[in-house]
Amino acid sequence: MSALTTDAPRRPTGGRKKSKLGWNLVGLLVFLVVGFPLYWMVDTAFKPAKDAIDPDPSLLPTGITLDNFRRALDIADFWGPVGRSLIVSLSVVVIGIVVGLLAALAISRFAFRGRKIVIVGILAVQMVPLVSMIIPVFLLLNDLDQYDKLSGLIITYLTFILPFTVWTLRGFIVNIPKELEEAAMVDGCSRTGAFIRVVFPLLAPGMVATSVYGFIQAWNEYLYALMLLSQEHQTATVWLGNFTTKHGTEYAPMMAGATMMAVPIVVLFLLVQRKMAAGLTAGAVKG
């Protein structure tokens with residue numbers, strides 16, 4: 001008897017490799033477009049001041065100097081504004097996560113009258129342009145004796161960041177099956193104990209991603225910090241305005257100051273990048 005031989009179907013590897021190569025090129029192009037401003041900022045920070053205002057600039061570093069960083073530290077107090085920005089940003093993150101988590105838990109796990117109105121209201125608040133609320137916020141803080149105080153700025157930032165925090169955390173809580181909590185309660189846990197032991201660990205990636213977003217928003221905000229704080233209490237973003245005077249703008253020291261301001265954000269991202277990536281993709285799969 002002659003053995004019958006059949007050829008196994010071959011997978012078209014050539015087209016798959018070309019598709020992968022195409023997507024890699026697209027990703028590289030996006031990286032170059034997004035990363036070029038950051039590269040230019042760091043490059044200008046280390047350039048000699050005269051090269052930073054050259055009408056025919058070079059894309060490659062022409063020289064390395066630390067004079068711009070010394071000038072940035074000498075032109076005005078640097079550590080004071082950075083410290084105030086850290087206080088404001090961390091306070092907004094901590095308060096926002098605690099309040100936002102409780103609100104998201106109530107919206108996603110409990111049925112109450114007006115629940116849909118609350119959800120729609122959270123979305124509606126995020127659609128209001130922040131610029132349109134400068135005068136009402138200023139008048140309100142002035143009446144509450146919170147003008148030119150970090151506590152007033154923290155309250156203001158919370159009104160902007162809390163809606164996003166509640167909406168994002170609600171999405172993560174909804175994707176956690178209720179059966180997990182019910183099983184823990186059957187085993188003897190209270191509702192609070194079931195949340196702490198079962199739901200809370202599963203929410204960790206989402207909380208990290210939301211916290212990083214809130215920190216970046218509070219750290220980079222400029223307009224309200226400029227309007228609600230005096231020069232004595234200015235934050236880091238407002239501090240960058242010291243490089244623009246009636247004689248012109250010192251671009252190289254300004255880029256050095258911006259580079260130093262970016263360091264906390266980069267360090268924070270490096271510390272939580274794995275949790276953040278997991279949090280951003282956790283909602284893609286229904287639990």
# chains A, B, ... in the order shown; residues from 1 in each chain; ligands from 1

$ residues_around --residues "Leu150 of chain A" --least-positions-apart "4" --cutoff "8 Å" --atoms "only C-alpha atoms" --output "number ranges by chain"
A: 84, 88, 154, 229, 233

$ residues_around --residues "Asn68 of chain A" --least-positions-apart "3" --cutoff "9 Å" --atoms "only C-alpha atoms" --output "JSON list (two decimals) with N, CA and C atoms, in the first residue's frame"
[["chain", "number", "residue", "atom", "x", "y", "z"],
["A", 45, "ALA", "N", 17.82, 73.22, 25.77],
["A", 45, "ALA", "CA", 18.24, 73.45, 27.16],
["A", 45, "ALA", "C", 19.75, 73.33, 27.32],
["A", 46, "PHE", "N", 20.39, 72.49, 26.51],
["A", 46, "PHE", "CA", 21.83, 72.29, 26.63],
["A", 46, "PHE", "C", 22.62, 73.09, 25.60],
["A", 47, "LYS", "N", 21.93, 73.82, 24.72],
["A", 47, "LYS", "CA", 22.63, 74.63, 23.73],
["A", 47, "LYS", "C", 23.16, 75.91, 24.36],
["A", 48, "PRO", "N", 24.22, 76.48, 23.79],
["A", 48, "PRO", "CA", 24.58, 77.85, 24.16],
["A", 48, "PRO", "C", 23.45, 78.81, 23.82],
["A", 49, "ALA", "N", 23.28, 79.86, 24.61],
["A", 49, "ALA", "CA", 22.14, 80.76, 24.46],
["A", 49, "ALA", "C", 22.08, 81.37, 23.06],
["A", 65, "THR", "N", 26.23, 72.79, 27.24],
["A", 65, "THR", "CA", 26.56, 73.69, 28.33],
["A", 65, "THR", "C", 25.50, 73.61, 29.41],
["A", 71, "ARG", "N", 21.31, 79.70, 34.90],
["A", 71, "ARG", "CA", 20.52, 80.91, 34.68],
["A", 71, "ARG", "C", 19.07, 80.69, 35.10],
["A", 72, "ALA", "N", 18.53, 79.51, 34.81],
["A", 72, "ALA", "CA", 17.15, 79.22, 35.20],
["A", 72, "ALA", "C", 16.99, 79.21, 36.71],
["A", 73, "LEU", "N", 17.98, 78.71, 37.43],
["A", 73, "LEU", "CA", 17.89, 78.68, 38.88],
["A", 73, "LEU", "C", 18.15, 80.04, 39.51],
["A", 252, "ALA", "N", 16.67, 79.67, 25.79],
["A", 252, "ALA", "CA", 17.49, 78.57, 26.29],
["A", 252, "ALA", "C", 17.27, 78.32, 27.78],
["A", 253, "PRO", "N", 17.34, 79.36, 28.65],
["A", 253, "PRO", "CA", 17.02, 79.11, 30.06],
["A", 253, "PRO", "C", 15.59, 78.64, 30.29],
["A", 254, "MET", "N", 14.66, 79.14, 29.46],
["A", 254, "MET", "CA", 13.27, 78.69, 29.60],
["A", 254, "MET", "C", 13.16, 77.20, 29.32],
["A", 255, "MET", "N", 13.84, 76.72, 28.27],
["A", 255, "MET", "CA", 13.81, 75.30, 27.97],
["A", 255, "MET", "C", 14.52, 74.49, 29.06],
["A", 256, "ALA", "N", 15.54, 75.07, 29.67],
["A", 256, "ALA", "CA", 16.19, 74.39, 30.80],
["A", 256, "ALA", "C", 15.23, 74.27, 31.98],
["A", 257, "GLY", "N", 14.47, 75.34, 32.25],
["A", 257, "GLY", "CA", 13.48, 75.27, 33.31],
["A", 257, "GLY", "C", 12.38, 74.27, 33.01]]

$ select_by_dssp --residues "segment 75-267 of chain A" --states "alpha helix (DSSP H)" --output "MDAnalysis selection string"
chainID A and resid 75 79:109 115:126 134:143 150:174 178:186 191:194 200:220 223:228 236:239 251:267

$ residues_around --residues "Arg109 of chain A" --least-positions-apart "6" --cutoff "12 Å" --atoms "only C-alpha atoms" --output "ChimeraX atom specification"
/A:101-103,115,170-179,181,191,195,199

$ closest_atom_pairs --of "segment 74-146 of chain A" --to "segment 261-275 of chain A" --cutoff "12 Å" --atoms "only C-alpha atoms" --output "tab-separated table"
residue	atom	partner	partner_atom	distance
A:Phe78	CA	A:Met261	CA	9.6
A:Trp79	CA	A:Met261	CA	10.3
A:Pro81	CA	A:Met261	CA	10.2
A:Val82	CA	A:Met261	CA	7.6
A:Gly83	CA	A:Met261	CA	11.0
A:Ser85	CA	A:Met261	CA	9.9
A:Leu86	CA	A:Pro264	CA	8.9
A:Ser89	CA	A:Ile265	CA	11.0
A:Leu90	CA	A:Leu268	CA	11.6

$ write_last_selection --atoms "C-alpha atoms" --output "short mmCIF file (atom, residue, chain, number, x, y, z; two decimals), in the first residue's frame"
data_model
loop_
_atom_site.label_atom_id
_atom_site.label_comp_id
_atom_site.auth_asym_id
_atom_site.auth_seq_id
_atom_site.Cartn_x
_atom_site.Cartn_y
_atom_site.Cartn_z
CA PHE A 78 12.76 77.53 41.51
CA TRP A 79 12.30 75.12 44.41
CA PRO A 81 7.19 76.96 42.92
CA VAL A 82 8.11 73.30 42.33
CA GLY A 83 7.32 72.45 45.94
CA SER A 85 3.16 72.43 42.49
CA LEU A 86 3.96 69.09 44.14
CA SER A 89 -0.79 67.97 42.47
CA LEU A 90 -0.42 65.30 45.17
#

$ residues_around --residues "segment 133-142 of chain A" --least-positions-apart "3" --cutoff "12 Å" --atoms "only C-alpha atoms" --output "ChimeraX atom specification"
/A:125,128-130,145-157,159-160,223-229

$ atom_distance --atom1 "atom CA of Thr210 of chain A" --atom2 "atom CA of Thr192 of chain A"
22.3 Å

$ atom_distance --atom1 "atom CA of Leu240 of chain A" --atom2 "atom CA of Lys50 of chain A"
19.6 Å

$ residues_around --residues "segment 35-38 of chain A" --least-positions-apart "4" --cutoff "10 Å" --atoms "only C-alpha atoms" --output "short mmCIF file (atom, residue, chain, number, x, y, z; two decimals) with N, CA and C atoms, in the first residue's frame"
data_model
loop_
_atom_site.label_atom_id
_atom_site.label_comp_id
_atom_site.auth_asym_id
_atom_site.auth_seq_id
_atom_site.Cartn_x
_atom_site.Cartn_y
_atom_site.Cartn_z
N LEU A 29 6.75 56.66 12.90
CA LEU A 29 6.41 58.01 12.47
C LEU A 29 5.67 58.78 13.57
N VAL A 30 4.74 58.11 14.23
CA VAL A 30 4.02 58.74 15.34
C VAL A 30 4.99 59.10 16.47
N PHE A 31 5.91 58.19 16.76
CA PHE A 31 6.90 58.45 17.81
C PHE A 31 7.76 59.67 17.48
N VAL A 42 14.87 69.55 25.15
CA VAL A 42 16.10 69.13 25.83
C VAL A 42 17.32 69.62 25.07
N ASP A 43 17.29 69.57 23.73
CA ASP A 43 18.42 70.03 22.94
C ASP A 43 18.66 71.52 23.16
N THR A 44 17.58 72.31 23.17
CA THR A 44 17.73 73.75 23.39
C THR A 44 18.21 74.06 24.80
N MET A 255 13.84 76.72 28.27
CA MET A 255 13.81 75.30 27.97
C MET A 255 14.52 74.49 29.06
N ALA A 258 11.93 74.23 31.74
CA ALA A 258 10.91 73.27 31.35
C ALA A 258 11.42 71.84 31.47
N THR A 259 12.70 71.63 31.15
CA THR A 259 13.28 70.30 31.28
C THR A 259 13.30 69.86 32.74
N ALA A 262 9.92 68.82 33.85
CA ALA A 262 9.44 67.54 33.31
C ALA A 262 9.99 66.35 34.07
#

$ decode --residues "segment 189-264 of chain A" --atoms "C-alpha atoms" --output "short mmCIF file (atom, residue, chain, number, x, y, z; two decimals), in the first residue's frame"
data_model
loop_
_atom_site.label_atom_id
_atom_site.label_comp_id
_atom_site.auth_asym_id
_atom_site.auth_seq_id
_atom_site.Cartn_x
_atom_site.Cartn_y
_atom_site.Cartn_z
CA CYS A 189 -17.06 39.02 54.48
CA SER A 190 -19.07 42.16 54.98
CA ARG A 191 -19.81 44.38 51.99
CA THR A 192 -16.91 46.63 52.99
CA GLY A 193 -14.62 43.66 53.53
CA ALA A 194 -15.55 42.19 50.16
CA PHE A 195 -14.75 45.47 48.47
CA ILE A 196 -11.39 45.84 50.22
CA ARG A 197 -10.29 42.22 49.72
CA VAL A 198 -11.72 41.50 46.28
CA VAL A 199 -12.61 44.62 44.30
CA PHE A 200 -9.92 47.00 45.50
CA PRO A 201 -6.92 44.88 44.34
CA LEU A 202 -8.51 44.52 40.90
CA LEU A 203 -8.96 48.30 40.71
CA ALA A 204 -5.28 49.05 41.41
CA PRO A 205 -4.21 49.40 37.72
CA GLY A 206 -7.16 51.67 36.95
CA MET A 207 -6.49 53.81 40.02
CA VAL A 208 -2.84 54.20 39.02
CA ALA A 209 -3.74 55.24 35.47
CA THR A 210 -6.32 57.72 36.74
CA SER A 211 -3.92 59.11 39.34
CA VAL A 212 -1.20 59.72 36.76
CA TYR A 213 -3.68 61.56 34.54
CA GLY A 214 -4.85 63.73 37.45
CA PHE A 215 -1.28 64.47 38.51
CA ILE A 216 -0.27 65.54 35.00
CA GLN A 217 -3.34 67.75 34.64
CA ALA A 218 -2.72 69.51 37.94
CA TRP A 219 1.03 69.79 37.37
CA ASN A 220 0.75 71.31 33.89
CA GLU A 221 -2.21 73.66 34.48
CA TYR A 222 -1.27 77.28 33.88
CA LEU A 223 -4.27 79.59 33.42
CA TYR A 224 -5.99 79.15 36.78
CA ALA A 225 -2.67 79.11 38.64
CA LEU A 226 -1.86 82.44 37.01
CA MET A 227 -5.23 84.01 37.80
CA LEU A 228 -5.77 82.69 41.34
CA LEU A 229 -2.29 83.00 42.86
CA SER A 230 0.01 85.97 43.40
CA GLN A 231 3.68 85.93 42.45
CA GLU A 232 4.64 84.94 46.00
CA HIS A 233 2.58 81.75 45.74
CA GLN A 234 3.10 80.96 42.06
CA THR A 235 3.43 77.38 40.86
CA ALA A 236 6.05 75.90 38.54
CA THR A 237 4.16 76.55 35.31
CA VAL A 238 3.69 80.23 36.18
CA TRP A 239 7.34 80.40 37.19
CA LEU A 240 8.31 79.79 33.56
CA GLY A 241 6.83 83.19 32.71
CA ASN A 242 9.79 84.87 34.44
CA PHE A 243 11.88 84.22 31.33
CA THR A 244 9.73 86.57 29.26
CA THR A 245 10.49 90.22 29.97
CA LYS A 246 10.17 93.54 28.17
CA HIS A 247 13.61 92.88 26.67
CA GLY A 248 12.52 89.60 25.09
CA THR A 249 12.38 85.91 25.91
CA GLU A 250 15.36 83.89 27.10
CA TYR A 251 14.54 80.71 25.22
CA ALA A 252 17.49 78.57 26.29
CA PRO A 253 17.02 79.11 30.06
CA MET A 254 13.27 78.69 29.60
CA MET A 255 13.81 75.30 27.97
CA ALA A 256 16.19 74.39 30.80
CA GLY A 257 13.48 75.27 33.31
CA ALA A 258 10.91 73.27 31.35
CA THR A 259 13.28 70.30 31.28
CA MET A 260 13.69 70.43 35.05
CA MET A 261 9.91 70.68 35.42
CA ALA A 262 9.44 67.54 33.31
CA VAL A 263 11.66 65.44 35.56
CA PRO A 264 8.98 64.66 38.22
#
